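All remarks here apply to the structure that follows.
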Amino acid sequence: MISERLGIVVLLLAASTAALVADDSSLSFAFASQAGSGIYSVEGRVAQIYRVPVAFTVKPLDDDRIWGADFTLPVTFGFYDYKAADVLDGEFPTHIGTASLLPGVEFNVRATKNWILTPHVDFGAAKDFSGDNLVWVYDVGVRSVVSFPVSTWDGRAGQELLWAGAAQTGNALTDWYAEATAGFEFRHELPGSSTRTRWDAGVFVVYDRFFRDDRSIPVAVTFAAPSSTSASTIDEQTQIGVSFGTRPKLAWKQLSLPKLGMSYFFGDGIHGVRFVIGEIF
């Protein structure tokens, strides 16, 4: 089943709430898919990035199984020199600045009853239409999620290690970066929910630590930066936020509504607000 999908109009509105990066940042458009929807400075130009996450369940991880598999197909679009306010005025971009397609596969392995390990790998291409650049992008990572009860709340502890690389034709590795993530999420069912569709709310905190090649600064590490701080000095950030969803997810045929929320992030002199789509980890 397709999961975590959202229309491009919703993504446009979501990206308009993200904070703007300082203009002096020089970023790699190749890692736009890893960064997700937002407003960034990509290689010296302001860009809006919209990531549409799509996944097909090949083998579901049911209660009586120890592993499952999903095929992922995230599609990412970037638009240069486009202001967030234009979305609210009904002026949508007409030319695509960058685009990427990263097919991948992830395996959900039940290590214990409440502990799921998810190794994943992605490989695809990213295109910068303004500069006629094409790069191959690949990443590999592993995610760990442990579920546990806390009184009437459902708790989750998540960690992830990710390494991503980009290669131009004739060069095995042009840019790379790595990311280590750790966080907690606590969800609670809201009162007044019907027996068929139960709404819930969650609070979360996530810490990110970034590692990168000195030659490149991925957009994933620069959600926002004041003029006094260079994006190249951003090594860590903390994100605190809330999200809302349903149990089970509201769905129409093969379309389902992901969790939606807002978060505030800060670290290494940066701060900003981001619209959250989908799972925290």
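We name chains A, B, ... following the order of the structure tokens; residues begin at 1 in each chain, and ligands are numbered from 1 as shown.
Residues surrounding Gly155 of chain A within 12 Å are A:Asn114, A:Val145, A:Val146, A:Ser147, A:Phe148, A:Pro149, A:Val150, A:Ser151, A:Thr152, A:Gly158, A:Gly183, A:Phe184, A:Glu185, A:Phe186, A:Arg187, A:His188, A:Ala201, A:Gly202, A:Val203, A:Phe204, A:Val205 [only C-alpha atoms; sequence separation below 3 positions excluded].
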Query raised in the report: Quick one: residues within 7 Å of Lys59 of chain A, only C-alpha atoms counted, chain neighbours fewer than 4 positions away excluded, as JSON, numbers by chain?
Result: {"A": [68, 69, 70]}
Give me a file of those residues, with N, CA, C and O atoms, as a JSON list (two decimals), in the first residue's frame.
[["chain", "number", "residue", "atom", "x", "y", "z"],
["A", 68, "GLY", "N", 9.70, -7.30, 7.41],
["A", 68, "GLY", "CA", 8.88, -6.81, 6.31],
["A", 68, "GLY", "C", 9.75, -5.97, 5.39],
["A", 68, "GLY", "O", 10.92, -5.68, 5.70],
["A", 69, "ALA", "N", 9.20, -5.57, 4.25],
["A", 69, "ALA", "CA", 9.98, -4.82, 3.27],
["A", 69, "ALA", "C", 9.10, -3.79, 2.59],
["A", 69, "ALA", "O", 7.92, -4.04, 2.31],
["A", 70, "ASP", "N", 9.68, -2.61, 2.32],
["A", 70, "ASP", "CA", 9.00, -1.53, 1.61],
["A", 70, "ASP", "C", 9.88, -1.05, 0.47],
["A", 70, "ASP", "O", 11.11, -1.00, 0.60]]
Query raised in the report: Looking at only C-alpha atoms, which of A:Pro53, A:Gly97, A:Gly141, A:Gly170 is the one that sits closest to Leu117 of chain A?
Result: A:Gly141
Query raised in the report: If you run DSSP on this backbone, which residues of segment 69-202 of chain A come out as alpha helix (DSSP H), and could you give them as a VMD selection string?
Result: chain A and resid 85 to 88
Using the selection just defined, write its residues with N, CA and C atoms as a short mmCIF file (atom, residue, chain, number, x, y, z; two decimals), in the first residue's frame.
data_model
loop_
_atom_site.label_atom_id
_atom_site.label_comp_id
_atom_site.auth_asym_id
_atom_site.auth_seq_id
_atom_site.Cartn_x
_atom_site.Cartn_y
_atom_site.Cartn_z
N ALA A 85 6.00 33.81 0.21
CA ALA A 85 4.75 34.57 0.18
C ALA A 85 4.00 34.37 -1.13
N ASP A 86 4.71 33.99 -2.19
CA ASP A 86 4.05 33.78 -3.47
C ASP A 86 3.04 32.64 -3.40
N VAL A 87 3.28 31.66 -2.53
CA VAL A 87 2.36 30.53 -2.39
C VAL A 87 1.01 31.01 -1.88
N LEU A 88 1.05 31.86 -0.85
CA LEU A 88 -0.18 32.36 -0.25
C LEU A 88 -0.94 33.28 -1.20
#
Report task. Looking only at strand (DSSP E) from DSSP on the backbone, list the matching residues of segment 150-193 of chain A as a ChimeraX atom specification. Result -> /A:150,153-167,175-189
Let's have the selection written as a tab-separated table (two decimals), in the first residue's frame, with C-alpha atoms.
chain	number	residue	atom	x	y	z
A	150	VAL	CA	4.48	5.61	29.79
A	153	TRP	CA	1.03	7.57	26.69
A	154	ASP	CA	2.73	5.60	23.91
A	155	GLY	CA	6.46	6.30	23.93
A	156	ARG	CA	9.05	5.73	21.21
A	157	ALA	CA	12.83	6.12	21.25
A	158	GLY	CA	14.42	6.49	17.82
A	159	GLN	CA	17.97	6.57	16.49
A	160	GLU	CA	19.31	6.69	12.95
A	161	LEU	CA	22.69	6.67	11.23
A	162	LEU	CA	22.77	7.94	7.62
A	163	TRP	CA	25.54	8.36	5.05
A	164	ALA	CA	24.86	10.03	1.70
A	165	GLY	CA	27.14	10.60	-1.26
A	166	ALA	CA	26.94	12.32	-4.65
A	167	ALA	CA	28.97	11.50	-7.76
A	175	ASP	CA	30.33	15.27	-2.13
A	176	TRP	CA	29.22	13.42	0.99
A	177	TYR	CA	27.76	13.93	4.43
A	178	ALA	CA	26.69	11.78	7.38
A	179	GLU	CA	24.06	12.30	10.06
A	180	ALA	CA	23.41	10.76	13.48
A	181	THR	CA	19.94	11.26	14.96
A	182	ALA	CA	18.45	10.42	18.36
A	183	GLY	CA	15.09	11.39	19.82
A	184	PHE	CA	11.95	10.60	21.79
A	185	GLU	CA	8.27	10.84	20.91
A	186	PHE	CA	5.25	10.51	23.21
A	187	ARG	CA	1.72	10.17	21.78
A	188	HIS	CA	-1.68	10.21	23.47
A	189	GLU	CA	-5.16	9.57	22.12
Report task. To one decimal in Å, tell me the separation between atom CA of Phe29 of chain A and atom CA of Tyr264 of chain A. Result ->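 The value is 23.7 Å.
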